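Coordinates from target01.pdb are shown below (PDB, C-alpha atoms and all ligand atoms).
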ATOM      1  CA  MET A   1      18.668   5.621  13.483
ATOM      2  CA  SER A   2      16.709   8.852  13.291
ATOM      3  CA  GLN A   3      17.139  11.073  10.290
ATOM      4  CA  GLU A   4      16.941  14.825  10.443
ATOM      5  CA  ARG A   5      15.343  15.233   7.064
ATOM      6  CA  GLY A   6      13.211  12.886   5.081
ATOM      7  CA  GLY A   7      12.300   9.293   5.690
ATOM      8  CA  VAL A   8      14.395   6.174   5.806
ATOM      9  CA  ASP A   9      15.817   4.778   2.587
ATOM     10  CA  PRO A  10      13.674   1.686   2.063
ATOM     11  CA  LEU A  11      16.416  -0.095   0.125
ATOM     12  CA  THR A  12      19.066   0.180   2.819
ATOM     13  CA  ALA A  13      17.142   0.485   6.090
ATOM     14  CA  ASP A  14      17.274  -2.583   8.312
ATOM     15  CA  VAL A  15      14.042  -4.002   9.682
ATOM     16  CA  THR A  16      14.357  -2.025  12.934
ATOM     17  CA  ALA A  17      14.837   1.368  11.296
ATOM     18  CA  PHE A  18      12.183   0.652   8.690
ATOM     19  CA  SER A  19       9.656  -0.477  11.302
ATOM     20  CA  GLU A  20      10.286   2.576  13.467
ATOM     21  CA  ALA A  21       9.582   4.839  10.503
ATOM     22  CA  VAL A  22       6.428   3.014   9.456
ATOM     23  CA  VAL A  23       4.817   2.998  12.900
ATOM     24  CA  ARG A  24       5.865   6.518  13.868
ATOM     25  CA  GLU A  25       2.428   7.870  12.995
ATOM     26  CA  ARG A  26      -0.989   6.237  13.051
ATOM     27  CA  ARG A  27      -1.630   5.900   9.331
ATOM     28  CA  THR A  28      -2.982   3.499   6.819
ATOM     29  CA  LEU A  29      -0.205   1.435   5.297
ATOM     30  CA  LYS A  30      -0.734   2.950   1.882
ATOM     31  CA  ARG A  31      -0.304   6.438   3.261
ATOM     32  CA  ALA A  32       2.675   5.583   5.439
ATOM     33  CA  LEU A  33       4.590   3.932   2.614
ATOM     34  CA  THR A  34       4.047   6.883   0.278
ATOM     35  CA  ASP A  35       4.828   9.583   2.873
ATOM     36  CA  ALA A  36       8.380  10.718   2.089
ATOM     37  CA  ARG A  37       8.776  12.040   5.635
ATOM     38  CA  LEU A  38       8.559   8.450   6.887
ATOM     39  CA  VAL A  39       9.846   6.331   4.014
ATOM     40  CA  ALA A  40      11.628   7.935   1.072
ATOM     41  CA  GLY A  41      10.861   7.477  -2.574
ATOM     42  CA  ILE A  42       7.927   5.069  -2.803
ATOM     43  CA  GLY A  43       5.168   6.074  -5.228
ATOM     44  CA  GLY A  44       1.584   4.923  -5.106
ATOM     45  CA  ALA A  45       1.995   2.223  -7.720
ATOM     46  CA  TYR A  46       4.892   0.618  -5.871
ATOM     47  CA  ALA A  47       3.092   0.891  -2.549
ATOM     48  CA  ASP A  48       0.238  -1.162  -4.051
ATOM     49  CA  GLU A  49       2.717  -3.746  -5.312
ATOM     50  CA  ILE A  50       4.584  -3.905  -1.996
ATOM     51  CA  LEU A  51       1.414  -4.367   0.044
ATOM     52  CA  HIS A  52       0.257  -7.099  -2.304
ATOM     53  CA  ALA A  53       3.599  -8.891  -1.964
ATOM     54  CA  ALA A  54       3.417  -8.548   1.820
ATOM     55  CA  GLY A  55      -0.184  -9.772   1.958
ATOM     56  CA  LEU A  56      -1.261  -6.677   3.886
ATOM     57  CA  SER A  57      -4.264  -4.427   3.354
ATOM     58  CA  LEU A  58      -3.687  -0.868   2.211
ATOM     59  CA  VAL A  59      -6.115   0.353   4.891
ATOM     60  CA  GLN A  60      -4.460  -1.609   7.696
ATOM     61  CA  LEU A  61      -3.354   0.897  10.323
ATOM     62  CA  THR A  62       0.371   1.053  10.996
ATOM     63  CA  THR A  63      -0.222   1.002  14.734
ATOM     64  CA  ASN A  64      -1.977  -2.388  14.451
ATOM     65  CA  LEU A  65       0.950  -4.209  12.856
ATOM     66  CA  ASP A  66       2.699  -6.922  14.817
ATOM     67  CA  THR A  67       6.414  -7.754  14.567
ATOM     68  CA  ALA A  68       5.912 -10.511  12.015
ATOM     69  CA  GLU A  69       3.834  -8.226   9.778
ATOM     70  CA  LEU A  70       6.450  -5.468   9.963
ATOM     71  CA  ALA A  71       9.174  -7.951   9.032
ATOM     72  CA  ARG A  72       7.077  -9.143   6.098
ATOM     73  CA  LEU A  73       6.486  -5.557   4.995
ATOM     74  CA  HIS A  74      10.195  -4.751   5.203
ATOM     75  CA  GLU A  75      11.121  -7.826   3.175
ATOM     76  CA  ALA A  76       8.433  -7.170   0.568
ATOM     77  CA  THR A  77       9.455  -3.514   0.265
ATOM     78  CA  GLN A  78      13.072  -4.322  -0.504
ATOM     79  CA  ALA A  79      12.219  -7.223  -2.803
ATOM     80  CA  VAL A  80       9.624  -5.321  -4.847
ATOM     81  CA  LEU A  81      11.727  -2.163  -5.175
ATOM     82  CA  ALA A  82      14.854  -4.090  -6.134
ATOM     83  CA  MET A  83      12.939  -6.113  -8.692
ATOM     84  CA  TRP A  84      11.394  -3.042 -10.317
ATOM     85  CA  ILE A  85      14.579  -0.982 -10.300
ATOM     86  CA  SER A  86      16.329  -3.810 -12.081
ATOM     87  CA  ARG A  87      13.476  -4.442 -14.470
ATOM     88  CA  LEU A  88      12.970  -0.791 -15.412
ATOM     89  CA  ARG A  89      16.688  -0.271 -15.940
ATOM     90  CA  VAL A  90      16.778  -3.180 -18.334
ATOM     91  CA  GLU A  91      13.759  -1.853 -20.210
ATOM     92  CA  ALA A  92      15.288   1.630 -20.365
ATOM     93  CA  SER A  93      18.523   0.136 -21.716
ATOM     94  CA  GLY A  94      20.528   1.145 -18.693
ATOM     95  CA  ALA A  95      19.235   4.723 -18.516
ATOM     96  CA  PHE A  96      17.469   5.848 -15.369
ATOM     97  CA  PRO A  97      13.753   5.105 -15.866
ATOM     98  CA  ALA A  98      11.756   8.234 -16.633
ATOM     99  CA  LYS A  99       8.465   7.454 -14.923
ATOM    100  CA  VAL A 100       9.030   5.348 -11.868
ATOM    101  CA  THR A 101       5.596   5.954 -10.382
ATOM    102  CA  ALA A 102       3.617   5.083 -13.497
ATOM    103  CA  PHE A 103       1.515   2.056 -14.135
ATOM    104  CA  HIS A 104       3.418  -0.815 -15.669
ATOM    105  CA  PRO A 105       1.596  -3.721 -17.335
ATOM    106  CA  GLY A 106       3.819  -6.181 -15.471
ATOM    107  CA  MET A 107       2.514  -5.064 -12.083
ATOM    108  CA  ALA A 108       0.589  -7.558  -9.964
ATOM    109  CA  VAL A 109      -2.288  -5.365  -8.758
ATOM    110  CA  HIS A 110      -1.696  -1.687  -9.475
ATOM    111  CA  GLY A 111      -3.847  -0.587 -12.416
ATOM    112  CA  LYS A 112      -5.296  -4.100 -12.679
ATOM    113  CA  PHE A 113      -8.863  -3.485 -11.508
ATOM    114  CA  ARG A 114     -11.059  -6.517 -12.263
ATOM    115  CA  GLN A 115      -8.128  -8.428 -13.717
ATOM    116  CA  PRO A 116      -7.075 -11.661 -12.002
ATOM    117  CA  CYS A 117      -4.508 -11.435  -9.209
ATOM    118  CA  LEU A 118      -1.278 -13.027 -10.430
ATOM    119  CA  VAL A 119      -1.057 -15.053  -7.226
ATOM    120  CA  CYS A 120      -4.596 -16.334  -6.631
ATOM    121  CA  GLY A 121      -6.694 -15.293  -9.638
ATOM    122  CA  THR A 122      -9.192 -13.238  -7.632
ATOM    123  CA  PRO A 123     -10.304 -10.069  -9.442
ATOM    124  CA  VAL A 124      -8.312  -7.082  -8.206
ATOM    125  CA  GLN A 125     -10.352  -4.448  -6.379
ATOM    126  CA  ARG A 126      -9.877  -0.717  -6.258
ATOM    127  CA  ILE A 127     -10.490   2.414  -4.267
ATOM    128  CA  VAL A 128     -10.637   5.563  -6.353
ATOM    129  CA  PHE A 129      -9.587   8.920  -4.972
ATOM    130  CA  ALA A 130      -9.912  12.180  -6.845
ATOM    131  CA  THR A 131      -7.592  11.277  -9.677
ATOM    132  CA  ARG A 132      -5.760   8.264  -8.345
ATOM    133  CA  GLU A 133      -6.587   4.631  -8.134
ATOM    134  CA  THR A 134      -5.265   2.257  -5.529
ATOM    135  CA  ASN A 135      -5.554  -1.478  -5.988
ATOM    136  CA  ASP A 136      -5.317  -4.635  -3.960
ATOM    137  CA  CYS A 137      -6.312  -8.285  -4.019
ATOM    138  CA  PRO A 138      -9.179  -9.097  -1.649
ATOM    139  CA  ARG A 139      -8.007 -12.679  -1.159
ATOM    140  CA  CYS A 140      -4.275 -12.105  -0.671
ATOM    141  CA  GLN A 141      -4.593  -8.917   1.352
ATOM    142  CA  THR A 142      -7.944  -8.414   3.054
ATOM    143  CA  LYS A 143      -9.106 -11.925   3.992
ATOM    144  CA  GLY A 144     -11.732 -11.946   1.276
ATOM    145  CA  LYS A 145     -13.222  -8.583   2.154
ATOM    146  CA  VAL A 146     -14.132  -6.472  -0.837
ATOM    147  CA  LEU A 147     -13.315  -3.110   0.642
ATOM    148  CA  ALA A 148     -13.805  -0.863  -2.307
ATOM    149  CA  ASP A 149     -17.059  -1.986  -3.768
ATOM    150  CA  ARG A 150     -19.043  -3.330  -0.836
ATOM    151  CA  ALA A 151     -17.697  -3.087   2.696
ATOM    152  CA  LEU A 152     -16.006   0.233   2.220
ATOM    153  CA  SER A 153     -18.897   1.810   0.403
ATOM    154  CA  ARG A 154     -21.225   0.705   3.196
ATOM    155  CA  LEU A 155     -18.828   2.077   5.723
ATOM    156  CA  LEU A 156     -18.525   5.394   3.989
ATOM    157  CA  LYS A 157     -22.178   5.485   2.881
ATOM    158  CA  LYS A 158     -22.488   8.735   1.025
ATOM    159  CA  ASP A 159     -19.404   9.237  -1.055
ATOM    160  CA  TRP A 160     -15.874   8.156  -1.626
ATOM    161  CA  PRO A 161     -13.158   9.916   0.294
ATOM    162  CA  ARG A 162     -11.513  12.628  -1.708
ATOM    163  CA  SER A 163      -8.121  11.917  -0.249
ATOM    164  CA  ILE A 164      -6.200   9.306   1.684
ATOM    165  CA  GLU A 165      -6.215  11.721   4.615
ATOM    166  CA  GLU A 166      -9.994  11.838   4.561
ATOM    167  CA  LEU A 167     -10.166   8.064   4.394
ATOM    168  CA  GLU A 168      -7.870   7.845   7.395
ATOM    169  CA  GLY A 169      -9.935  10.371   9.301
ATOM    170  CA  ARG A 170     -12.946   8.127   8.944
ATOM    171  CA  PHE A 171     -11.052   4.997   9.869
ATOM    172  CA  GLY A 172      -9.392   6.872  12.699
ATOM    173  CA  ALA A 173     -12.696   7.107  14.527
ATOM    174  CA  LYS A 174     -13.441   3.432  14.014
ATOM    175  CA  PRO A 175     -10.442   1.464  12.802
ATOM    176  CA  LEU A 176     -11.194  -1.192  10.245
ATOM    177  CA  ARG A 177      -9.461  -4.367  11.338
ATOM    178  CA  ASN A 178      -8.869  -6.849   8.587
ATOM    179  CA  GLN A 179      -6.809  -9.266  10.621
ATOM    180  CA  PRO A 180      -8.066 -11.379  13.491
ATOM    181  CA  GLU A 181      -6.401 -10.625  16.817
ATOM    182  CA  ASN A 182      -4.280 -13.752  16.740
TER     183      ASN A 182
HETATM  184 ZN    ZN A 201      -4.539 -12.607  -4.803
END

Mind turning the file's structure into structure tokens?
Amino acid sequence: MSQERGGVDPLTADVTAFSEAVVRERRTLKRALTDARLVAGIGGAYADEILHAAGLSLVQLTTNLDTAELARLHEATQAVLAMWISRLRVEASGAFPAKVTAFHPGMAVHGKFRQPCLVCGTPVQRIVFATRETNDCPRCQTKGKVLADRALSRLLKKDWPRSIEELEGRFGAKPLRNQPEN
């Protein structure tokens, strides 16, 4: 199942190949999904949407996922990508969509800071990096923890991370577990 170049194709990979790619490195889920060396072709906006659909936190570490969570992530990845490919093609009148990583008003959480989650109505939270924003629902994904505005800011104290890598470096020393052990 290994590939010499690039990551697995998320639309065709089975759950085994997909899971192997995702857990290959100790990363946050957001970073793993958007790393083309592990999983091909998923932009930040879609990663937010996939993690929301899977009910998983963007700062959950890949090495902490159990089999059921990986299966849920695989299913959500294929469902969300297939839905958006179809939707964007329709909106582009059959042409290949020009900006597949951009914000779309129909998204559930990406770009929806403070707006109600489409599933539970909780205001969507955000973590802002240098120029990018990543969004999730604190109720659907982080067991009610407000990572961006309270818990995360306490954890990080002085400033926001400037990159996902920096965020992971900090969590690497003391992993933030959002899920109970069982
Ligand atoms: Zn929600």

Quiz item: Do you know which residues are within 12 Å of ligand ZN 201 (chain A) using only C-alpha atoms and all ligand atoms? Can you write them as JSON, numbers by chain?
Solution: {"A": [49, 51, 52, 53, 54, 55, 56, 57, 108, 109, 112, 114, 115, 116, 117, 118, 119, 120, 121, 122, 123, 124, 125, 135, 136, 137, 138, 139, 140, 141, 142, 143, 144, 145]}

Practice problem: Expand the PyMOL selection byres (((chain A and resi 58-71) around 8) and not hetatm) into the individual residues it matches in the shown file, reporting them as a VMD selection string. | Solution: chain A and resid 15 19 22 to 23 25 to 30 32 48 51 54 56 to 57 72 to 75 136 175 to 178

Quiz item: Out of A:Val90, A:Phe103, A:Arg132, A:Leu11, which residue has the shortest atom-to-atom distance to A:Ala76 when counting all atoms listed in the file?
Solution: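 Using all atoms listed in the file, A:Ala76 sits closest to A:Leu11.
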
Practice problem: In Å, rounded to a single decimal, give me how far atom CA of A:Gly111 is from atom CA of A:Glu133. | Solution: 7.3 Å

Exercise. Apply the PyMOL selection byres (((chain A and resi 39-42) around 10) and not hetatm) to the structure shown and report the selected residues as an MDAnalysis selection string.
Key: chainID A and resid 6:11 13 18:19 21:22 32:38 43:48 50 77 81 100:101

Quiz item: Rounded to one decimal in Å, what is the spacing between atom CA of A:Ala17 and atom CA of A:Ala79?
Solution: 16.7 Å

Exercise. Measure the distance from atom CA of A:Thr134 to atom CA of A:Ala92 in Å and round it to one decimal.
Key: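 According to the coordinates, atom CA of A:Thr134 and atom CA of A:Ala92 are separated by 25.4 Å.
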
Around stretch 61-79 of chain A, fit a box with edges along x, y and z, padding it by 6 Å on each side, then list its centre and edge lengths in Å to one decimal as lines of an AutoDock Vina configuration file.
center_x = 4.9
center_y = -4.7
center_z = 6.0
size_x = 28.4
size_y = 23.6
size_z = 29.6
